[in-house]
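Below: one structure, written as structure tokens.
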Amino acid sequence: MKKELLAPAGDIEAGYAAIYYGADAVYLGLKHFSARATAANFDEGELNEFVGFAHAKGRKVYAAVNTLVEENELPELLKSLDICSRCRVDAVILQDLGVARIIREKYPELELHASTQMAVHNKEGALALQKAGFSRVVLARELTLSEIKEIAAVPGLETEAFIHGALCYSYSGMCLFSSLECGRSANRGKCLYPCRSEFAGENGSKHYFSMKDMALKDDILKMPVTSLKIEGRKKNALYVAAVTDYYRQILDGKGCDEKREENIRQIFSRPWSEFHLHGKDKTVVDPEFVGHRGLFVGKIEQAGKGRISLHIKHDIARHDGIQIDVPGEEKPFGFSLRQMQVGKKNVFEAKAGEETVIFLPPQAPVLTKGMAVYLASSGRVKGAYDYFRPRPGEFRQRIPLEVRVVIGRDKIIAAAGGQTAELAGEFLPANDRNKVAETVRGAFAKTGNTPFELSAVETENPEALFVPVSVLNELRRALYAKIEPETGNVDLPAVDAPYGGKKGGWIIRTDDINTLTEIDLGSVDEITVVINPDFDVEELKKLPKNKIRIGLPALERHPVVYADLVRRLFSGGYKKWEIGNWWGLSLLPDKGIDLSFDGSLYMLNTQAVQAAKDMRAGRVTLSVEDCLDNMCALAKTSPLPVVMSVFQDAPLFTSAVCIRANPCKGCPKGEKWLKLRREGKEYLALSKNCQTFLFSGRPLCFAAEAGQVGAAFYRVDFVFRRYSPSTAAAVWAQVRRFCDVPGTAKGNLISGGNF
């Protein structure tokens, strides 16, 4: 199977570079609803030209409309989808279930690709999204090669896997860190990357969550996926060119090229890793330094006042960028090389192997023997990746237009696109009827700067009359000026009537039933018990069965471990279930269950809620990263009852990377809590069964505002963190009165929708 090489384009120059250096497809974002909101992104004119160029070269273009969409943003979303349709992109990459529903209903010509933000990390999740109409799923980066192979074997489903670029510590789509702590949501394209900050912890002050870059090299040949994806919509055209060229060489059977690899490292690169492709790897974090490192050229052998010397491993030249690792500093010390010597002579260029003296700028820190030196930018490499740029307008896509022209003795009429234009005149018989028709076609084919191209022209000239070209040109201009491309004519798909049932019920959600022993369960409408593969079913007998809902966790790489437990519980009469990820849809029976969607499935608009209803959901949970205005709007208009979580220790992220310092061999794998501090704030990291969860030191509490929402149910969560029965009872009593628990946080609740 031929694999597609998929390259990023943060702007049109990067797109041209990607195609020139061998990308089979390019993915990009529009000005709105892009998960890389700070990239330049494409306006309609740029997208139109670039898609035309790509299609002329036999390549594809995918538009990333992959952020969560609030209810009041749905009309603006339609404008973005209109642009995708008009510009004829090949597919839309998305996260929001509401966006998927709108495309299925109103833009069926657009393929649906499930973004990695949808957190597909197993075959069952992929199958659920395939059933929902997605033709392709972008797999979680954390997967091993064997897991990738299992999902790629699903018949009729395309798969896409990342092969190179930046990594997040968290599973994509399962990170709320930037959102809840900084007010800028990764799920809305605004991540501030707080995970790459320095934290104080039990192993000192380090960058515990700052990841190396992914670089799979020739391992990509072992991956049986449809598409191999390079990360980098915020990178420049030079980077895109170099990385695309490197992997094109590998796919074409020419192997890993060391020189090309060196070029990439000096353009932009953190240290490289294979992440977890061949199994768990605890070396994927770079705890000492953050940001671009560059190409290693050697270690300082001598350091003196204002200069260092070393035998360099690669050529360097004057004006190249140099970086040096300085212990205790977050980022390497960098400067532009102004002067260097070889053999005590000033040189413009030093060759690999030569002992080279590098003169330092005045602001240089104290440097010592053994410090690593890197080439962080190279004039030679900057000039090594030229690429073809078409002339502006050369590949502009135009709208096909059929024109009808009727010629009479005293007037001539032209009609197209629902508009007509006419000119009066006195038209005499022609010498050649056929020549008149050719002249009409020639005149109306001159579309100039209009968005149209003439696809057909019908001329009615029953009396064989002659019309001067000047008249035809004037008529054409008058007609084309009246015709506007169709925009904004699509309405949102209809949703069912708003839920009008019970309001104000109360739910407790827990993963430890013993936490509830001091709570009067008569005051609880429902108890959601989050299970694990080792869950003891006998524990459920401590609770009133008619109030129990069984919750499946958001993350499970191998859902088969739940299969027998689910069957036992279902056959035992437990018909109420809650899922936190798409894989739960494949694991649970199609019929006979009362299904709830947890907040990790992100319901921020009525279109998403209606899609959930169409997927068997009987209710949905509002996201804890949502704002109060949007929650209120959804509670009023949602076609399903909504649940609002009013107290929760929400994971700031969920990671497959273990934070523990000990080796994997012999690790007990049970719960271990670690305290961290960053910028005066306290955090708690939970390491459990090879996963890491990060929590704020302050739980979320929305009790004081909850009464404004009018939710069908309010929920109190005692999950992950351990609460004593007395503390849990006190929290329960407090929030039931719509009073906040002291020492809690609000997240984005009162942000006004700017998260």
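Order determines the names: the first chain of the structure tokens is A, the second B, and so forth; residues in each chain are numbered 1 upward, and ligands are numbered 1 upward as they are shown.
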Apply DSSP to the structure's backbone, then extract all residues of stretch 340-409 of chain A labelled strand (DSSP E) and return them as a PDB file with C-alpha atoms, in the first residue's frame.
ATOM      1  CA  MET A 340      36.297  32.853  14.809  1.00  0.00           C
ATOM      2  CA  GLN A 341      39.815  31.651  14.205  1.00  0.00           C
ATOM      3  CA  VAL A 342      41.493  28.536  12.923  1.00  0.00           C
ATOM      4  CA  LYS A 345      43.845  33.286  11.720  1.00  0.00           C
ATOM      5  CA  ASN A 346      40.427  34.882  11.341  1.00  0.00           C
ATOM      6  CA  GLU A 349      34.278  29.299   7.621  1.00  0.00           C
ATOM      7  CA  ALA A 350      35.683  26.479   9.759  1.00  0.00           C
ATOM      8  CA  GLU A 355      40.229  23.221  16.200  1.00  0.00           C
ATOM      9  CA  THR A 356      38.219  26.415  16.205  1.00  0.00           C
ATOM     10  CA  VAL A 357      38.281  29.439  18.480  1.00  0.00           C
ATOM     11  CA  ILE A 358      34.871  31.108  18.792  1.00  0.00           C
ATOM     12  CA  PHE A 359      34.744  34.658  20.094  1.00  0.00           C
ATOM     13  CA  ALA A 372      27.773  21.219  24.675  1.00  0.00           C
ATOM     14  CA  VAL A 373      27.819  23.560  21.670  1.00  0.00           C
ATOM     15  CA  TYR A 374      25.165  23.506  18.943  1.00  0.00           C
ATOM     16  CA  LEU A 375      24.707  24.984  15.494  1.00  0.00           C
ATOM     17  CA  ALA A 376      21.258  26.559  15.800  1.00  0.00           C
ATOM     18  CA  SER A 377      21.020  28.220  12.388  1.00  0.00           C
ATOM     19  CA  ILE A 399     -16.896  28.914 -10.550  1.00  0.00           C
ATOM     20  CA  PRO A 400     -18.289  27.256 -13.714  1.00  0.00           C
ATOM     21  CA  LEU A 401     -20.895  29.458 -15.368  1.00  0.00           C
ATOM     22  CA  GLU A 402     -23.449  28.637 -18.067  1.00  0.00           C
ATOM     23  CA  VAL A 403     -24.577  31.642 -20.103  1.00  0.00           C
ATOM     24  CA  ARG A 404     -27.597  31.981 -22.383  1.00  0.00           C
ATOM     25  CA  VAL A 405     -27.635  34.798 -24.962  1.00  0.00           C
ATOM     26  CA  VAL A 406     -30.749  35.764 -26.946  1.00  0.00           C
ATOM     27  CA  ILE A 407     -30.325  38.144 -29.912  1.00  0.00           C
TER      28      ILE A 407
END
Shell around A:Arg715 at 8 Å using only C-alpha atoms, local window under 3 positions removed, as a VMD selection string: chain A and resid 506 to 509 643 to 647
Find the residues around A:Ala612 up to 8 Å (only C-alpha atoms counted), leave out those fewer than 4 positions away in its own chain, and share them as a list of chain:residue names.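 After dropping sequence-adjacent residues, the list is A:Leu97, A:Phe597, A:Ala608, A:Arg616, A:Ala617, A:Val620.
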Any idea what's packed within 12 Å of A:Pro429, counting only C-alpha atoms, ignoring anything in its chain fewer than 3 positions away? Could you give it as a compact mmCIF listing (two decimals) with C-alpha atoms, in the first residue's frame?
# COMPACT_ATOMS: atom_id res chain seq x y z
CA ILE A 407 -30.32 38.14 -29.91
CA GLY A 408 -33.31 40.10 -31.22
CA ARG A 409 -33.62 42.93 -33.75
CA GLU A 426 -30.50 47.85 -33.86
CA ASP A 432 -22.16 34.17 -41.20
CA ARG A 433 -24.49 32.87 -38.44
CA VAL A 436 -21.71 35.20 -34.58
CA ASN A 461 -30.17 33.92 -32.87
CA PRO A 462 -33.22 32.86 -34.90
CA GLU A 463 -32.88 35.72 -37.41
CA ALA A 464 -29.11 35.30 -37.88
CA LEU A 465 -28.33 38.83 -36.71
CA PHE A 466 -24.90 40.41 -36.28
CA VAL A 467 -23.75 41.88 -32.91
CA PRO A 468 -20.56 43.95 -32.62
Counting only C-alpha atoms, figure out which residue out of A:Ser85, A:Ser80, A:Ser309, A:Ser470 gets nearest to A:Val61. A:Ser85
Can you tell me which residues surround stretch 672-679 of chain A at a distance of at most 10 Å, considering only C-alpha atoms, apart from same-chain residues fewer than 4 positions away, and format the answer as a PyMOL selection string? chain A and resi 194+197-205+208+659-660+668+683-689+692-697+721
Writing out the chosen residues with N, CA and C atoms as an mmCIF file, in the first residue's frame:
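Resulting contents of part.cif:
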data_model
loop_
_atom_site.group_PDB
_atom_site.id
_atom_site.type_symbol
_atom_site.label_atom_id
_atom_site.label_comp_id
_atom_site.auth_asym_id
_atom_site.auth_seq_id
_atom_site.Cartn_x
_atom_site.Cartn_y
_atom_site.Cartn_z
ATOM 1 N N PRO A 194 1.902 25.595 29.264
ATOM 2 C CA PRO A 194 2.438 25.664 30.629
ATOM 3 C C PRO A 194 3.170 24.387 31.028
ATOM 4 N N SER A 197 6.941 24.506 31.340
ATOM 5 C CA SER A 197 7.546 25.343 32.386
ATOM 6 C C SER A 197 8.379 24.499 33.344
ATOM 7 N N GLU A 198 9.147 25.197 34.153
ATOM 8 C CA GLU A 198 9.929 24.533 35.197
ATOM 9 C C GLU A 198 9.070 24.376 36.452
ATOM 10 N N PHE A 199 9.101 23.187 37.041
ATOM 11 C CA PHE A 199 8.373 22.887 38.266
ATOM 12 C C PHE A 199 9.361 22.474 39.342
ATOM 13 N N ALA A 200 9.053 22.833 40.556
ATOM 14 C CA ALA A 200 9.833 22.346 41.699
ATOM 15 C C ALA A 200 9.174 21.081 42.203
ATOM 16 N N GLY A 201 9.958 19.992 42.307
ATOM 17 C CA GLY A 201 9.424 18.713 42.747
ATOM 18 C C GLY A 201 10.423 17.949 43.572
ATOM 19 N N GLU A 202 10.129 16.671 43.807
ATOM 20 C CA GLU A 202 10.973 15.868 44.695
ATOM 21 C C GLU A 202 12.365 15.627 44.118
ATOM 22 N N ASN A 203 12.516 15.803 42.810
ATOM 23 C CA ASN A 203 13.824 15.647 42.183
ATOM 24 C C ASN A 203 14.453 16.994 41.830
ATOM 25 N N GLY A 204 14.004 18.050 42.516
ATOM 26 C CA GLY A 204 14.543 19.369 42.266
ATOM 27 C C GLY A 204 13.702 20.145 41.266
ATOM 28 N N SER A 205 14.203 21.287 40.832
ATOM 29 C CA SER A 205 13.499 22.119 39.848
ATOM 30 C C SER A 205 13.867 21.650 38.451
ATOM 31 N N TYR A 208 9.603 18.829 34.159
ATOM 32 C CA TYR A 208 9.137 17.452 34.284
ATOM 33 C C TYR A 208 8.281 16.999 33.107
ATOM 34 N N ILE A 659 5.986 9.894 35.411
ATOM 35 C CA ILE A 659 6.769 10.930 36.066
ATOM 36 C C ILE A 659 7.752 10.361 37.078
ATOM 37 N N ARG A 660 7.598 9.099 37.447
ATOM 38 C CA ARG A 660 8.464 8.527 38.478
ATOM 39 C C ARG A 660 9.916 8.465 38.006
ATOM 40 N N PRO A 668 6.230 -0.766 41.408
ATOM 41 C CA PRO A 668 4.971 -1.284 41.961
ATOM 42 C C PRO A 668 3.734 -0.861 41.177
ATOM 43 N N TYR A 683 0.636 21.951 42.635
ATOM 44 C CA TYR A 683 0.032 20.931 41.785
ATOM 45 C C TYR A 683 0.288 19.559 42.384
ATOM 46 N N LEU A 684 -0.568 18.619 42.032
ATOM 47 C CA LEU A 684 -0.413 17.244 42.470
ATOM 48 C C LEU A 684 -0.382 16.345 41.249
ATOM 49 N N ALA A 685 0.670 15.531 41.157
ATOM 50 C CA ALA A 685 0.783 14.572 40.059
ATOM 51 C C ALA A 685 0.510 13.183 40.609
ATOM 52 N N LEU A 686 -0.386 12.476 39.947
ATOM 53 C CA LEU A 686 -0.707 11.099 40.302
ATOM 54 C C LEU A 686 -0.079 10.165 39.284
ATOM 55 N N SER A 687 0.799 9.304 39.758
ATOM 56 C CA SER A 687 1.368 8.254 38.910
ATOM 57 C C SER A 687 0.678 6.945 39.271
ATOM 58 N N LYS A 688 0.053 6.338 38.281
ATOM 59 C CA LYS A 688 -0.718 5.124 38.541
ATOM 60 C C LYS A 688 -0.737 4.251 37.294
ATOM 61 N N ASN A 689 -0.252 3.041 37.432
ATOM 62 C CA ASN A 689 -0.290 2.071 36.337
ATOM 63 C C ASN A 689 0.284 2.637 35.046
ATOM 64 N N THR A 692 0.293 9.180 34.074
ATOM 65 C CA THR A 692 0.438 10.341 34.934
ATOM 66 C C THR A 692 -0.747 11.277 34.740
ATOM 67 N N PHE A 693 -1.327 11.700 35.852
ATOM 68 C CA PHE A 693 -2.415 12.674 35.847
ATOM 69 C C PHE A 693 -1.949 13.880 36.664
ATOM 70 N N LEU A 694 -2.176 15.071 36.157
ATOM 71 C CA LEU A 694 -1.810 16.277 36.891
ATOM 72 C C LEU A 694 -3.074 16.994 37.340
ATOM 73 N N PHE A 695 -3.046 17.462 38.597
ATOM 74 C CA PHE A 695 -4.187 18.175 39.162
ATOM 75 C C PHE A 695 -3.720 19.487 39.769
ATOM 76 N N SER A 696 -4.586 20.461 39.723
ATOM 77 C CA SER A 696 -4.333 21.693 40.462
ATOM 78 C C SER A 696 -4.461 21.408 41.953
ATOM 79 N N GLY A 697 -3.780 22.186 42.766
ATOM 80 C CA GLY A 697 -3.941 22.055 44.207
ATOM 81 C C GLY A 697 -5.318 22.462 44.681
ATOM 82 N N ARG A 721 -8.584 11.842 43.399
ATOM 83 C CA ARG A 721 -8.089 12.211 44.727
ATOM 84 C C ARG A 721 -8.917 11.526 45.812
#
Any idea what's packed within 8 Å of stretch 27-30 of chain A, counting only C-alpha atoms, ignoring anything in its chain fewer than 6 positions away? Could you give it as a PyMOL selection string? chain A and resi 6-11+36+41-44+61-65+80+233
I need the chosen residues saved as a CSV table (one decimal), in the first residue's frame, with all heavy atoms.
chain,number,residue,atom,x,y,z
A,6,LEU,N,2.0,13.4,4.5
A,6,LEU,CA,1.1,14.6,4.8
A,6,LEU,C,1.9,15.6,5.5
A,6,LEU,O,2.5,15.4,6.6
A,6,LEU,CB,-0.1,14.1,5.6
A,6,LEU,CG,-1.0,15.2,6.1
A,6,LEU,CD1,-1.7,15.9,5.0
A,6,LEU,CD2,-2.1,14.5,7.0
A,7,ALA,N,2.1,16.8,4.9
A,7,ALA,CA,2.9,17.9,5.5
A,7,ALA,C,2.0,19.0,6.0
A,7,ALA,O,0.9,19.3,5.5
A,7,ALA,CB,3.9,18.3,4.5
A,8,PRO,N,2.6,19.8,6.9
A,8,PRO,CA,1.8,20.9,7.5
A,8,PRO,C,2.0,22.2,6.7
A,8,PRO,O,3.1,22.4,6.0
A,8,PRO,CB,2.4,21.1,8.9
A,8,PRO,CG,3.8,20.7,8.7
A,8,PRO,CD,3.8,19.6,7.7
A,9,ALA,N,1.1,23.1,6.8
A,9,ALA,CA,1.3,24.5,6.1
A,9,ALA,C,0.6,25.5,7.0
A,9,ALA,O,-0.7,25.6,7.1
A,9,ALA,CB,0.7,24.5,4.7
A,10,GLY,N,1.4,26.3,7.7
A,10,GLY,CA,0.8,27.4,8.5
A,10,GLY,C,0.6,28.6,7.7
A,10,GLY,O,-0.2,29.5,8.1
A,11,ASP,N,1.1,28.6,6.5
A,11,ASP,CA,0.9,29.7,5.5
A,11,ASP,C,1.1,29.1,4.1
A,11,ASP,O,1.5,28.0,3.9
A,11,ASP,CB,1.7,30.9,5.8
A,11,ASP,CG,3.2,30.7,5.7
A,11,ASP,OD1,3.6,29.7,5.0
A,11,ASP,OD2,4.0,31.4,6.4
A,36,ARG,N,-4.4,25.6,15.7
A,36,ARG,CA,-3.1,26.4,15.7
A,36,ARG,C,-3.5,27.9,15.4
A,36,ARG,O,-3.2,28.4,14.3
A,36,ARG,CB,-2.1,25.9,14.7
A,36,ARG,CG,-1.6,24.5,15.0
A,36,ARG,CD,-0.7,24.5,16.3
A,36,ARG,NE,-0.2,23.2,16.6
A,36,ARG,CZ,-0.7,22.4,17.5
A,36,ARG,NH1,-1.9,22.7,18.0
A,36,ARG,NH2,-0.2,21.2,17.7
A,41,ASN,N,-2.2,30.9,9.0
A,41,ASN,CA,-3.4,30.3,8.5
A,41,ASN,C,-3.8,31.0,7.2
A,41,ASN,O,-3.2,31.9,6.7
A,41,ASN,CB,-4.5,30.4,9.5
A,41,ASN,CG,-4.2,29.4,10.7
A,41,ASN,OD1,-3.8,28.3,10.5
A,41,ASN,ND2,-4.4,29.9,11.9
A,42,PHE,N,-4.9,30.5,6.6
A,42,PHE,CA,-5.3,30.8,5.2
A,42,PHE,C,-6.6,31.6,5.2
A,42,PHE,O,-7.6,31.2,5.8
A,42,PHE,CB,-5.4,29.5,4.4
A,42,PHE,CG,-4.2,28.9,4.0
A,42,PHE,CD1,-3.3,28.3,4.9
A,42,PHE,CD2,-3.8,28.8,2.6
A,42,PHE,CE1,-2.1,27.7,4.6
A,42,PHE,CE2,-2.6,28.2,2.3
A,42,PHE,CZ,-1.8,27.6,3.2
A,43,ASP,N,-6.6,32.7,4.4
A,43,ASP,CA,-7.9,33.3,4.1
A,43,ASP,C,-8.5,32.6,2.8
A,43,ASP,O,-7.8,31.7,2.2
A,43,ASP,CB,-7.8,34.8,3.9
A,43,ASP,CG,-6.9,35.2,2.7
A,43,ASP,OD1,-6.7,34.4,1.8
A,43,ASP,OD2,-6.4,36.3,2.8
A,44,GLU,N,-9.7,33.0,2.4
A,44,GLU,CA,-10.3,32.3,1.3
A,44,GLU,C,-9.5,32.4,0.0
A,44,GLU,O,-9.4,31.4,-0.7
A,44,GLU,CB,-11.7,32.8,1.1
A,44,GLU,CG,-12.5,32.0,0.0
A,44,GLU,CD,-13.9,32.3,-0.1
A,44,GLU,OE1,-14.4,33.2,0.6
A,44,GLU,OE2,-14.6,31.6,-1.0
A,61,VAL,N,-5.6,18.4,-0.2
A,61,VAL,CA,-5.5,19.5,0.8
A,61,VAL,C,-6.6,19.2,1.8
A,61,VAL,O,-7.8,19.0,1.5
A,61,VAL,CB,-5.7,20.9,0.2
A,61,VAL,CG1,-5.7,21.9,1.3
A,61,VAL,CG2,-4.7,21.2,-0.8
A,62,TYR,N,-6.2,19.1,3.1
A,62,TYR,CA,-7.1,18.9,4.2
A,62,TYR,C,-7.2,20.2,5.1
A,62,TYR,O,-6.1,20.7,5.4
A,62,TYR,CB,-6.7,17.7,5.0
A,62,TYR,CG,-6.4,16.5,4.3
A,62,TYR,CD1,-5.3,15.7,4.6
A,62,TYR,CD2,-7.3,16.1,3.2
A,62,TYR,CE1,-5.1,14.5,3.9
A,62,TYR,CE2,-7.0,14.9,2.5
A,62,TYR,CZ,-5.9,14.1,2.8
A,62,TYR,OH,-5.6,13.0,2.1
A,63,ALA,N,-8.4,20.6,5.4
A,63,ALA,CA,-8.6,21.8,6.2
A,63,ALA,C,-8.8,21.4,7.6
A,63,ALA,O,-9.8,20.6,7.9
A,63,ALA,CB,-9.7,22.7,5.7
A,64,ALA,N,-8.1,21.9,8.6
A,64,ALA,CA,-8.3,21.7,10.0
A,64,ALA,C,-9.3,22.7,10.6
A,64,ALA,O,-8.9,23.8,10.8
A,64,ALA,CB,-6.9,21.7,10.7
A,65,VAL,N,-10.5,22.2,10.8
A,65,VAL,CA,-11.5,23.0,11.5
A,65,VAL,C,-11.7,22.3,12.8
A,65,VAL,O,-12.8,21.7,13.1
A,65,VAL,CB,-12.8,23.1,10.6
A,65,VAL,CG1,-13.8,24.0,11.3
A,65,VAL,CG2,-12.5,23.6,9.2
A,80,SER,N,-16.9,29.3,7.6
A,80,SER,CA,-15.7,28.5,7.4
A,80,SER,C,-15.9,27.3,6.6
A,80,SER,O,-15.1,27.0,5.7
A,80,SER,CB,-15.0,28.2,8.7
A,80,SER,OG,-14.5,29.3,9.4
A,233,ARG,N,2.4,23.2,11.9
A,233,ARG,CA,1.7,24.3,11.3
A,233,ARG,C,2.2,25.6,11.8
A,233,ARG,O,1.8,26.7,11.3
A,233,ARG,CB,0.2,24.2,11.4
A,233,ARG,CG,-0.4,23.2,10.5
A,233,ARG,CD,-1.9,23.3,10.3
A,233,ARG,NE,-2.6,22.8,11.5
A,233,ARG,CZ,-3.7,23.3,12.0
A,233,ARG,NH1,-4.1,24.5,11.6
A,233,ARG,NH2,-4.3,22.8,13.0
Can you tell me how far atom CA of A:Thr621 sits from atom CA of A:Ser600, in Å to one decimal?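 Value for the atom CA of A:Thr621-atom CA of A:Ser600 distance: 8.3 Å.
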